[in-house]
>>> print(open('structure-v7.cif').read())   # mmCIF, C-alpha atoms
data_my_file
loop_
_atom_site.group_PDB
_atom_site.id
_atom_site.type_symbol
_atom_site.label_atom_id
_atom_site.label_comp_id
_atom_site.auth_asym_id
_atom_site.auth_seq_id
_atom_site.Cartn_x
_atom_site.Cartn_y
_atom_site.Cartn_z
ATOM 1 C CA MET A 20 -6.129 -1.865 18.794
ATOM 2 C CA THR A 21 -8.848 -4.264 19.917
ATOM 3 C CA ASP A 22 -8.214 -8.006 20.306
ATOM 4 C CA THR A 23 -9.864 -8.797 16.975
ATOM 5 C CA ILE A 24 -7.418 -6.652 15.015
ATOM 6 C CA ASP A 25 -4.782 -8.690 13.136
ATOM 7 C CA ASP A 26 -6.350 -11.955 14.360
ATOM 8 C CA GLN A 27 -5.012 -14.737 12.137
ATOM 9 C CA GLU A 28 -7.538 -17.207 13.548
ATOM 10 C CA ALA A 29 -10.336 -14.996 12.242
ATOM 11 C CA LEU A 30 -8.593 -14.552 8.879
ATOM 12 C CA LEU A 31 -8.152 -18.268 8.179
ATOM 13 C CA PRO A 32 -11.857 -19.194 7.796
ATOM 14 C CA LEU A 33 -12.444 -15.903 6.000
ATOM 15 C CA LEU A 34 -9.839 -16.724 3.358
ATOM 16 C CA ALA A 35 -10.942 -20.343 3.162
ATOM 17 C CA ARG A 36 -14.358 -19.207 1.939
ATOM 18 C CA THR A 37 -12.975 -16.687 -0.564
ATOM 19 C CA SER A 38 -12.781 -17.237 -4.328
ATOM 20 C CA ALA A 39 -11.939 -13.658 -5.323
ATOM 21 C CA VAL A 40 -10.469 -10.632 -3.559
ATOM 22 C CA LEU A 41 -11.552 -7.126 -4.539
ATOM 23 C CA PHE A 42 -8.971 -4.555 -3.480
ATOM 24 C CA ASP A 43 -9.599 -0.885 -2.965
ATOM 25 C CA PHE A 44 -6.622 0.844 -4.596
ATOM 26 C CA ASP A 45 -5.358 3.939 -2.788
ATOM 27 C CA GLY A 46 -4.404 2.530 0.620
ATOM 28 C CA PRO A 47 -4.524 -1.281 0.507
ATOM 29 C CA VAL A 48 -2.528 -1.514 -2.750
ATOM 30 C CA CYS A 49 -0.480 1.675 -2.783
ATOM 31 C CA ARG A 50 -0.041 5.228 -1.632
ATOM 32 C CA LEU A 51 -1.091 7.387 -4.555
ATOM 33 C CA PHE A 52 -0.755 10.965 -3.294
ATOM 34 C CA SER A 53 2.234 11.896 -1.166
ATOM 35 C CA GLU A 54 0.994 15.462 -0.538
ATOM 36 C CA SER A 55 -2.279 17.226 0.257
ATOM 37 C CA THR A 56 -4.672 17.766 -2.639
ATOM 38 C CA ALA A 57 -6.284 20.815 -1.017
ATOM 39 C CA GLY A 58 -4.924 23.094 -3.747
ATOM 40 C CA ILE A 59 -6.636 21.050 -6.442
ATOM 41 C CA ALA A 60 -9.878 21.123 -4.452
ATOM 42 C CA ARG A 61 -9.671 24.919 -4.171
ATOM 43 C CA SER A 62 -9.273 25.236 -7.928
ATOM 44 C CA ILE A 63 -12.331 23.054 -8.471
ATOM 45 C CA LYS A 64 -14.366 25.056 -5.969
ATOM 46 C CA ARG A 65 -13.379 28.378 -7.543
ATOM 47 C CA THR A 66 -14.579 27.145 -10.919
ATOM 48 C CA ALA A 67 -17.875 25.950 -9.436
ATOM 49 C CA GLU A 68 -18.432 29.172 -7.504
ATOM 50 C CA ALA A 69 -17.821 31.274 -10.620
ATOM 51 C CA ALA A 70 -20.418 29.278 -12.547
ATOM 52 C CA TRP A 71 -22.996 28.492 -9.862
ATOM 53 C CA GLY A 72 -22.606 31.130 -7.168
ATOM 54 C CA SER A 73 -22.534 30.316 -3.463
ATOM 55 C CA LEU A 74 -21.378 26.754 -2.814
ATOM 56 C CA ASP A 75 -23.238 24.162 -0.779
ATOM 57 C CA PRO A 76 -21.577 23.679 2.648
ATOM 58 C CA ASP A 77 -20.340 20.155 1.924
ATOM 59 C CA VAL A 78 -18.629 21.420 -1.230
ATOM 60 C CA ARG A 79 -17.277 24.567 0.379
ATOM 61 C CA ASP A 80 -15.835 22.723 3.394
ATOM 62 C CA CYS A 81 -14.180 19.889 1.472
ATOM 63 C CA ASP A 82 -10.396 20.220 1.091
ATOM 64 C CA ASP A 83 -9.735 16.984 -0.772
ATOM 65 C CA SER A 84 -9.725 16.873 -4.580
ATOM 66 C CA HIS A 85 -11.103 13.360 -4.633
ATOM 67 C CA HIS A 86 -13.786 13.699 -1.983
ATOM 68 C CA VAL A 87 -15.195 16.926 -3.429
ATOM 69 C CA LEU A 88 -16.395 15.193 -6.598
ATOM 70 C CA ARG A 89 -19.504 13.585 -5.106
ATOM 71 C CA PRO A 90 -20.911 16.631 -3.244
ATOM 72 C CA LEU A 91 -20.160 18.737 -6.322
ATOM 73 C CA ARG A 92 -22.302 16.414 -8.406
ATOM 74 C CA HIS A 93 -25.069 16.516 -5.785
ATOM 75 C CA MET A 94 -24.971 20.314 -5.881
ATOM 76 C CA TYR A 95 -25.320 20.279 -9.658
ATOM 77 C CA GLU A 96 -28.342 17.963 -9.419
ATOM 78 C CA ARG A 97 -29.933 20.236 -6.816
ATOM 79 C CA LEU A 98 -29.454 23.304 -8.973
ATOM 80 C CA TYR A 99 -30.758 21.454 -12.009
ATOM 81 C CA GLU A 100 -33.987 20.566 -10.199
ATOM 82 C CA GLU A 101 -34.485 24.015 -8.668
ATOM 83 C CA GLN A 102 -33.761 26.282 -11.627
ATOM 84 C CA ASP A 103 -35.925 27.261 -14.590
ATOM 85 C CA PRO A 104 -35.727 24.492 -17.241
ATOM 86 C CA LYS A 105 -34.725 27.150 -19.765
ATOM 87 C CA ARG A 106 -31.762 28.224 -17.612
ATOM 88 C CA GLN A 107 -30.083 25.059 -16.404
ATOM 89 C CA PRO A 108 -26.757 25.201 -14.522
ATOM 90 C CA SER A 109 -23.596 24.840 -16.547
ATOM 91 C CA CYS A 110 -22.005 21.382 -16.421
ATOM 92 C CA ARG A 111 -18.572 22.922 -16.951
ATOM 93 C CA PRO A 112 -17.587 22.697 -13.243
ATOM 94 C CA LEU A 113 -18.262 18.942 -13.299
ATOM 95 C CA GLU A 114 -16.234 18.455 -16.457
ATOM 96 C CA PHE A 115 -13.411 20.607 -15.102
ATOM 97 C CA ALA A 116 -13.405 18.733 -11.796
ATOM 98 C CA GLU A 117 -13.218 15.277 -13.373
ATOM 99 C CA LYS A 118 -10.565 16.339 -15.861
ATOM 100 C CA THR A 119 -8.478 18.030 -13.166
ATOM 101 C CA VAL A 120 -8.666 15.177 -10.659
ATOM 102 C CA ALA A 121 -7.980 12.514 -13.288
ATOM 103 C CA ALA A 122 -4.929 14.454 -14.493
ATOM 104 C CA ALA A 123 -3.648 14.782 -10.921
ATOM 105 C CA GLU A 124 -4.156 11.053 -10.311
ATOM 106 C CA ILE A 125 -2.315 10.111 -13.498
ATOM 107 C CA SER A 126 0.551 12.436 -12.569
ATOM 108 C CA ALA A 127 0.721 10.985 -9.044
ATOM 109 C CA ALA A 128 0.586 7.431 -10.426
ATOM 110 C CA ALA A 129 4.122 7.798 -11.746
ATOM 111 C CA ASP A 130 5.405 7.987 -8.163
ATOM 112 C CA ALA A 131 2.932 5.652 -6.455
ATOM 113 C CA THR A 132 4.504 3.456 -3.785
ATOM 114 C CA ARG A 133 3.428 -0.063 -2.902
ATOM 115 C CA ALA A 134 1.629 -0.744 0.349
ATOM 116 C CA GLU A 135 3.914 -2.656 2.697
ATOM 117 C CA HIS A 136 3.777 -6.448 2.156
ATOM 118 C CA ILE A 137 1.416 -6.201 -0.847
ATOM 119 C CA GLY A 138 4.143 -7.745 -3.014
ATOM 120 C CA GLU A 139 4.134 -10.832 -0.768
ATOM 121 C CA LEU A 140 0.378 -11.000 -0.337
ATOM 122 C CA LEU A 141 -0.821 -10.991 -3.938
ATOM 123 C CA PRO A 142 1.155 -14.073 -5.109
ATOM 124 C CA ARG A 143 0.068 -16.000 -2.016
ATOM 125 C CA LEU A 144 -3.576 -15.279 -2.687
ATOM 126 C CA ARG A 145 -3.183 -16.344 -6.297
ATOM 127 C CA LYS A 146 -1.474 -19.583 -5.200
ATOM 128 C CA LEU A 147 -4.656 -20.276 -3.253
ATOM 129 C CA GLY A 148 -6.575 -19.981 -6.530
ATOM 130 C CA MET A 149 -8.099 -16.600 -5.764
ATOM 131 C CA ARG A 150 -8.865 -14.129 -8.539
ATOM 132 C CA LEU A 151 -7.812 -10.536 -7.867
ATOM 133 C CA VAL A 152 -9.412 -7.318 -9.110
ATOM 134 C CA ILE A 153 -9.421 -3.659 -8.113
ATOM 135 C CA VAL A 154 -12.528 -1.660 -7.203
ATOM 136 C CA SER A 155 -11.725 2.000 -6.682
ATOM 137 C CA ASN A 156 -12.926 5.582 -6.682
ATOM 138 C CA ASN A 157 -9.785 6.515 -8.585
ATOM 139 C CA ALA A 158 -9.666 6.945 -12.364
ATOM 140 C CA GLU A 159 -8.986 3.699 -14.200
ATOM 141 C CA GLY A 160 -6.211 5.232 -16.305
ATOM 142 C CA ALA A 161 -4.324 6.323 -13.197
ATOM 143 C CA ILE A 162 -4.716 2.899 -11.586
ATOM 144 C CA LEU A 163 -3.384 1.114 -14.654
ATOM 145 C CA ARG A 164 -0.409 3.463 -14.871
ATOM 146 C CA ALA A 165 0.409 3.022 -11.191
ATOM 147 C CA LEU A 166 0.154 -0.771 -11.385
ATOM 148 C CA GLU A 167 2.543 -0.807 -14.321
ATOM 149 C CA GLY A 168 5.026 1.409 -12.504
ATOM 150 C CA MET A 169 4.885 -0.770 -9.404
ATOM 151 C CA ARG A 170 5.123 -3.952 -11.511
ATOM 152 C CA LEU A 171 1.857 -5.269 -10.134
ATOM 153 C CA THR A 172 -0.142 -5.393 -13.372
ATOM 154 C CA PRO A 173 0.115 -9.216 -13.798
ATOM 155 C CA GLN A 174 -1.397 -9.783 -10.359
ATOM 156 C CA PHE A 175 -4.797 -8.281 -11.220
ATOM 157 C CA GLU A 176 -7.096 -9.480 -13.948
ATOM 158 C CA ALA A 177 -9.276 -6.351 -14.097
ATOM 159 C CA VAL A 178 -9.664 -2.797 -12.806
ATOM 160 C CA PHE A 179 -12.985 -1.104 -12.039
ATOM 161 C CA GLY A 180 -12.563 2.571 -11.290
ATOM 162 C CA ARG A 181 -14.560 5.770 -11.042
ATOM 163 C CA ASP A 182 -17.293 6.486 -13.579
ATOM 164 C CA PRO A 183 -16.084 9.763 -15.146
ATOM 165 C CA GLN A 184 -19.640 10.721 -16.050
ATOM 166 C CA ASP A 185 -21.260 10.480 -12.628
ATOM 167 C CA ALA A 186 -19.418 10.920 -9.321
ATOM 168 C CA ARG A 187 -22.547 9.812 -7.471
ATOM 169 C CA LEU A 188 -21.538 6.250 -8.410
ATOM 170 C CA MET A 189 -18.371 6.426 -6.332
ATOM 171 C CA LYS A 190 -18.258 4.285 -3.205
ATOM 172 C CA PRO A 191 -20.187 4.030 -0.878
ATOM 173 C CA ASN A 192 -22.342 3.414 -3.956
ATOM 174 C CA PRO A 193 -21.695 -0.268 -4.874
ATOM 175 C CA HIS A 194 -21.513 0.453 -8.627
ATOM 176 C CA CYS A 195 -17.844 -0.503 -9.168
ATOM 177 C CA VAL A 196 -18.202 -3.551 -6.904
ATOM 178 C CA ARG A 197 -21.177 -4.812 -8.888
ATOM 179 C CA ARG A 198 -19.266 -4.276 -12.124
ATOM 180 C CA ALA A 199 -16.489 -6.440 -10.691
ATOM 181 C CA LEU A 200 -18.923 -9.149 -9.619
ATOM 182 C CA ALA A 201 -20.470 -9.218 -13.094
ATOM 183 C CA HIS A 202 -17.006 -9.668 -14.582
ATOM 184 C CA LEU A 203 -16.011 -12.405 -12.125
ATOM 185 C CA GLY A 204 -19.235 -14.390 -12.398
ATOM 186 C CA ILE A 205 -18.762 -15.505 -8.796
ATOM 187 C CA PRO A 206 -21.434 -15.278 -6.073
ATOM 188 C CA ALA A 207 -20.980 -12.142 -3.992
ATOM 189 C CA HIS A 208 -20.710 -14.110 -0.744
ATOM 190 C CA ALA A 209 -17.596 -15.850 -2.119
ATOM 191 C CA CYS A 210 -15.869 -12.505 -2.666
ATOM 192 C CA LEU A 211 -13.907 -10.439 -0.143
ATOM 193 C CA LEU A 212 -13.471 -6.678 -0.459
ATOM 194 C CA VAL A 213 -10.368 -5.212 1.203
ATOM 195 C CA GLY A 214 -10.764 -1.497 1.945
ATOM 196 C CA ASP A 215 -9.452 1.236 4.211
ATOM 197 C CA GLN A 216 -12.590 3.356 4.485
ATOM 198 C CA VAL A 217 -16.056 2.872 5.966
ATOM 199 C CA THR A 218 -17.385 3.811 2.518
ATOM 200 C CA ASP A 219 -15.731 0.616 1.230
ATOM 201 C CA LEU A 220 -17.559 -1.373 3.893
ATOM 202 C CA THR A 221 -20.866 0.257 2.951
ATOM 203 C CA ALA A 222 -20.326 -0.620 -0.718
ATOM 204 C CA ALA A 223 -19.386 -4.199 0.162
ATOM 205 C CA ARG A 224 -22.487 -4.687 2.265
ATOM 206 C CA ALA A 225 -24.738 -3.226 -0.440
ATOM 207 C CA ALA A 226 -23.223 -5.555 -3.042
ATOM 208 C CA GLY A 227 -23.369 -8.605 -0.754
ATOM 209 C CA THR A 228 -19.622 -9.293 -0.454
ATOM 210 C CA ARG A 229 -17.702 -9.889 2.730
ATOM 211 C CA PHE A 230 -15.345 -7.180 3.980
ATOM 212 C CA LEU A 231 -11.860 -6.965 5.448
ATOM 213 C CA GLY A 232 -10.952 -3.600 6.944
ATOM 214 C CA TRP A 233 -7.388 -2.368 6.441
ATOM 215 C CA THR A 234 -6.551 0.581 8.672
ATOM 216 C CA GLN A 235 -4.006 1.836 11.193
ATOM 217 C CA ASP A 236 -6.593 4.155 12.761
ATOM 218 C CA GLU A 237 -7.967 2.629 15.963
ATOM 219 C CA ILE A 238 -11.165 4.679 15.910
ATOM 220 C CA GLN A 239 -11.858 3.732 12.312
ATOM 221 C CA ALA A 240 -11.080 0.085 13.072
ATOM 222 C CA LYS A 241 -13.657 0.066 15.855
ATOM 223 C CA GLU A 242 -16.173 1.752 13.574
ATOM 224 C CA MET A 243 -15.610 -0.939 10.951
ATOM 225 C CA GLU A 244 -16.079 -3.670 13.548
ATOM 226 C CA ARG A 245 -19.248 -2.014 14.820
ATOM 227 C CA ASP A 246 -20.634 -1.751 11.279
ATOM 228 C CA GLY A 247 -20.109 -5.428 10.523
ATOM 229 C CA SER A 248 -16.631 -5.887 9.063
ATOM 230 C CA ASP A 249 -15.731 -9.589 8.939
ATOM 231 C CA ALA A 250 -12.250 -8.765 10.231
ATOM 232 C CA VAL A 251 -9.868 -5.814 10.511
ATOM 233 C CA VAL A 252 -6.090 -5.696 10.004
ATOM 234 C CA SER A 253 -3.597 -2.904 10.608
ATOM 235 C CA SER A 254 -1.270 -4.123 7.857
ATOM 236 C CA HIS A 255 -1.041 -6.911 5.281
ATOM 237 C CA ARG A 256 1.374 -8.893 7.463
ATOM 238 C CA PRO A 257 -1.264 -11.049 9.262
ATOM 239 C CA LEU A 258 -3.018 -11.651 5.946
ATOM 240 C CA VAL A 259 0.241 -12.825 4.365
ATOM 241 C CA ALA A 260 0.772 -15.214 7.291
ATOM 242 C CA ALA A 261 -2.804 -16.522 7.204
ATOM 243 C CA ALA A 262 -2.620 -17.113 3.439
ATOM 244 C CA GLY A 263 0.608 -19.052 3.951
ATOM 245 C CA ARG A 264 -0.913 -21.195 6.687
ATOM 246 C CA LEU A 265 -3.985 -21.922 4.574
ATOM 247 C CA PHE A 266 -1.843 -22.976 1.605
ATOM 248 C CA GLU A 267 0.254 -25.295 3.795
ATOM 249 C CA ALA A 268 -2.895 -26.826 5.291
ATOM 250 C CA ARG A 269 -4.315 -27.511 1.850
ATOM 251 C CA GLN A 270 -1.042 -29.005 0.653
ATOM 252 C CA SER A 271 -0.909 -31.241 3.717
ATOM 253 C CA ALA A 272 -4.503 -32.380 3.205
ATOM 254 C CA GLU A 273 -3.795 -33.213 -0.446
ATOM 255 C CA SER A 274 -0.695 -35.142 0.565
ATOM 256 C CA VAL A 275 -2.609 -37.227 3.110
ATOM 257 C CA SER A 276 -5.377 -37.852 0.594
ATOM 258 C CA GLY A 277 -2.842 -38.973 -2.009
ATOM 259 C CA ARG A 278 -1.280 -41.481 0.405
ATOM 260 C CA ALA A 279 -4.603 -42.970 1.452
ATOM 261 C CA VAL A 280 -4.942 -46.666 0.635
ATOM 262 C CA PRO A 281 -8.336 -47.725 -0.727
ATOM 263 C CA THR A 282 -10.232 -50.110 1.574
ATOM 264 C CA ARG A 283 -10.739 -53.602 0.119
ATOM 265 C CA THR A 284 -14.232 -54.968 0.001
#
>>> encode(input="structure-v7.cif", output="structure tokens")
Amino acid sequence: MTDTIDDQEALLPLLARTSAVLFDFDGPVCRLFSESTAGIARSIKRTAEAAWGSLDPDVRDCDDSHHVLRPLRHMYERLYEEQDPKRQPSCRPLEFAEKTVAAAEISAAADATRAEHIGELLPRLRKLGMRLVIVSNNAEGAILRALEGMRLTPQFEAVFGRDPQDARLMKPNPHCVRRALAHLGIPAHACLLVGDQVTDLTAARAAGTRFLGWTQDEIQAKEMERDGSDAVVSSHRPLVAAAGRLFEARQSAESVSGRAVPTRT
């Protein structure tokens, strides 16, 4: 990793300027799927091919149930624009895809496992007065179920997940981030988005929030730095430590202020 990875000195001023933290879900908060979702993606693609014919390359080559949703929607829009208005493409593949992926996410939510140190991090951020929400490409129902199972529900005040009607609004589109900002009523520059993908960074930049990359992949970490991430961590450990240091510094400053003797005039 580069020298700026896990740098507590960079995290301290970042946290000091933060009023709310927006967490991506699958990755920074938990591990949702323990196995490949290629089988689900194949089922979705078979349904689309039966209804629409030959698949666009980005649909055909995608082996992830979650990532196939956006290119599938783009393919539908292309077909809709190109075909005779009297013979529009069936929307059944889109409906099947969303229903299938959401069901798989809800099923996986029952066995979701916490990200390491997230249980320490969230209370520390809240002690600093930060508001916590989730902004995710996952289905909201699955997120809520997973949070309940992991006993993390009280830590977050709101969840903003995938729009089931339009996969084009998934990140890197900033739609869910802007929904969160509207709920919080806090200026975007006072909010920090924690994400493990470059698409999270793109959404953060489009919405005007700051961004903390969370990744163990050195290449991806460098890409995040290159694209303007405010900081990058390989785990939550340095963030836990920085939040603790910031809280102690604030407590110390309040203590000194409380002991100050007014100057007589």
>>> closest_atom_pairs(input="structure-v7.cif", of="range 153-259 of chain A", to="range 85-104 of chain A", cutoff="12 Å", atoms="all atoms listed in the file", output="JSON lines")
{"residue": "A:Ser155", "atom": "CA", "partner": "A:His85", "partner_atom": "CA", "distance": 11.6}
{"residue": "A:Asn156", "atom": "CA", "partner": "A:His85", "partner_atom": "CA", "distance": 8.2}
{"residue": "A:Asn157", "atom": "CA", "partner": "A:His85", "partner_atom": "CA", "distance": 8.0}
{"residue": "A:Ala158", "atom": "CA", "partner": "A:His85", "partner_atom": "CA", "distance": 10.1}
{"residue": "A:Arg181", "atom": "CA", "partner": "A:His85", "partner_atom": "CA", "distance": 10.5}
{"residue": "A:Asp182", "atom": "CA", "partner": "A:Leu88", "partner_atom": "CA", "distance": 11.2}
{"residue": "A:Pro183", "atom": "CA", "partner": "A:Leu88", "partner_atom": "CA", "distance": 10.1}
{"residue": "A:Gln184", "atom": "CA", "partner": "A:Arg92", "partner_atom": "CA", "distance": 9.9}
{"residue": "A:Asp185", "atom": "CA", "partner": "A:Arg92", "partner_atom": "CA", "distance": 7.4}
{"residue": "A:Ala186", "atom": "CA", "partner": "A:Arg89", "partner_atom": "CA", "distance": 5.0}
{"residue": "A:Arg187", "atom": "CA", "partner": "A:Arg89", "partner_atom": "CA", "distance": 5.4}
{"residue": "A:Leu188", "atom": "CA", "partner": "A:Arg89", "partner_atom": "CA", "distance": 8.3}
{"residue": "A:Met189", "atom": "CA", "partner": "A:Arg89", "partner_atom": "CA", "distance": 7.4}
{"residue": "A:Lys190", "atom": "CA", "partner": "A:Arg89", "partner_atom": "CA", "distance": 9.6}
{"residue": "A:Pro191", "atom": "CA", "partner": "A:Arg89", "partner_atom": "CA", "distance": 10.5}
{"residue": "A:Asn192", "atom": "CA", "partner": "A:Arg89", "partner_atom": "CA", "distance": 10.6}
{"residue": "A:Thr218", "atom": "CA", "partner": "A:His86", "partner_atom": "CA", "distance": 11.4}
>>> resolve_selection(input="structure-v7.cif", expression="the PyMOL selection byres ((chain A and resi 211) around 7)", output="ChimeraX atom specification")
/A:37,39-41,209-210,212-213,228-231
>>> resolve_selection(input="structure-v7.cif", expression="the PyMOL selection byres ((chain A and resi 122) around 12)", output="list in words")
Ile59, Ser84, His85, Phe115, Ala116, Glu117, Lys118, Thr119, Val120, Ala121, Ala123, Glu124, Ile125, Ser126, Ala127, Ala128, Ala129, Asn157, Ala158, Glu159, Gly160, Ala161, Ile162 and Arg164 of chain A
>>> closest_atom_pairs(input="structure-v7.cif", of="range 132-172 of chain A", to="range 238-257 of chain A", cutoff="9 Å", atoms="only C-alpha atoms", output="CSV")
residue,atom,partner,partner_atom,distance
A:Ala134,CA,A:His255,CA,8.3
A:Glu135,CA,A:His255,CA,7.0
A:His136,CA,A:His255,CA,5.8
A:Ile137,CA,A:His255,CA,6.6
A:Glu139,CA,A:His255,CA,8.9
A:Leu140,CA,A:His255,CA,7.1
>>> atom_distance(input="structure-v7.cif", atom1="CA of Gly138 in chain A", atom2="CA of Pro47 in chain A")
11.4 Å
>>> decode(input="structure-v7.cif", residues="range 258-276 of chain A", atoms="N, CA, C and O atoms", output="short mmCIF file (atom, residue, chain, number, x, y, z; two decimals), in the first residue's frame")
data_model
loop_
_atom_site.label_atom_id
_atom_site.label_comp_id
_atom_site.auth_asym_id
_atom_site.auth_seq_id
_atom_site.Cartn_x
_atom_site.Cartn_y
_atom_site.Cartn_z
N LEU A 258 -9.53 4.07 11.31
CA LEU A 258 -10.65 5.00 11.49
C LEU A 258 -11.15 4.95 12.93
O LEU A 258 -11.49 5.99 13.52
N VAL A 259 -11.19 3.75 13.51
CA VAL A 259 -11.56 3.59 14.91
C VAL A 259 -10.58 4.38 15.79
O VAL A 259 -10.98 5.12 16.70
N ALA A 260 -9.28 4.22 15.51
CA ALA A 260 -8.26 4.91 16.30
C ALA A 260 -8.36 6.42 16.16
O ALA A 260 -8.26 7.16 17.14
N ALA A 261 -8.56 6.89 14.92
CA ALA A 261 -8.65 8.33 14.69
C ALA A 261 -9.88 8.92 15.38
O ALA A 261 -9.82 10.02 15.96
N ALA A 262 -11.01 8.19 15.34
CA ALA A 262 -12.22 8.67 16.00
C ALA A 262 -12.00 8.76 17.51
O ALA A 262 -12.46 9.71 18.17
N GLY A 263 -11.28 7.79 18.06
CA GLY A 263 -10.97 7.81 19.49
C GLY A 263 -10.09 8.99 19.86
O GLY A 263 -10.32 9.66 20.88
N ARG A 264 -9.09 9.25 19.04
CA ARG A 264 -8.19 10.38 19.30
C ARG A 264 -8.93 11.71 19.22
O ARG A 264 -8.71 12.62 20.04
N LEU A 265 -9.82 11.82 18.24
CA LEU A 265 -10.58 13.06 18.07
C LEU A 265 -11.50 13.29 19.27
O LEU A 265 -11.62 14.41 19.77
N PHE A 266 -12.13 12.24 19.75
CA PHE A 266 -13.02 12.36 20.91
C PHE A 266 -12.23 12.80 22.14
O PHE A 266 -12.66 13.68 22.89
N GLU A 267 -11.06 12.18 22.36
CA GLU A 267 -10.23 12.54 23.51
C GLU A 267 -9.77 14.00 23.42
O GLU A 267 -9.73 14.72 24.43
N ALA A 268 -9.43 14.44 22.20
CA ALA A 268 -8.98 15.82 22.02
C ALA A 268 -10.11 16.80 22.34
O ALA A 268 -9.88 17.84 22.96
N ARG A 269 -11.31 16.45 21.93
CA ARG A 269 -12.45 17.34 22.20
C ARG A 269 -12.77 17.36 23.68
O ARG A 269 -13.09 18.42 24.24
N GLN A 270 -12.68 16.20 24.33
CA GLN A 270 -12.93 16.14 25.76
C GLN A 270 -11.90 16.96 26.52
O GLN A 270 -12.22 17.67 27.48
N SER A 271 -10.64 16.87 26.09
CA SER A 271 -9.57 17.63 26.74
C SER A 271 -9.78 19.13 26.57
O SER A 271 -9.60 19.91 27.51
N ALA A 272 -10.18 19.53 25.36
CA ALA A 272 -10.41 20.95 25.09
C ALA A 272 -11.57 21.48 25.93
O ALA A 272 -11.51 22.60 26.46
N GLU A 273 -12.61 20.68 26.09
CA GLU A 273 -13.76 21.09 26.91
C GLU A 273 -13.37 21.20 28.37
O GLU A 273 -13.82 22.09 29.09
N SER A 274 -12.49 20.29 28.81
CA SER A 274 -12.04 20.31 30.19
C SER A 274 -11.23 21.57 30.48
O SER A 274 -11.41 22.23 31.50
N VAL A 275 -10.32 21.91 29.58
CA VAL A 275 -9.50 23.12 29.73
C VAL A 275 -10.37 24.35 29.72
O VAL A 275 -10.21 25.27 30.52
N SER A 276 -11.36 24.37 28.83
CA SER A 276 -12.26 25.52 28.73
C SER A 276 -13.07 25.67 30.00
O SER A 276 -13.31 26.79 30.48
#
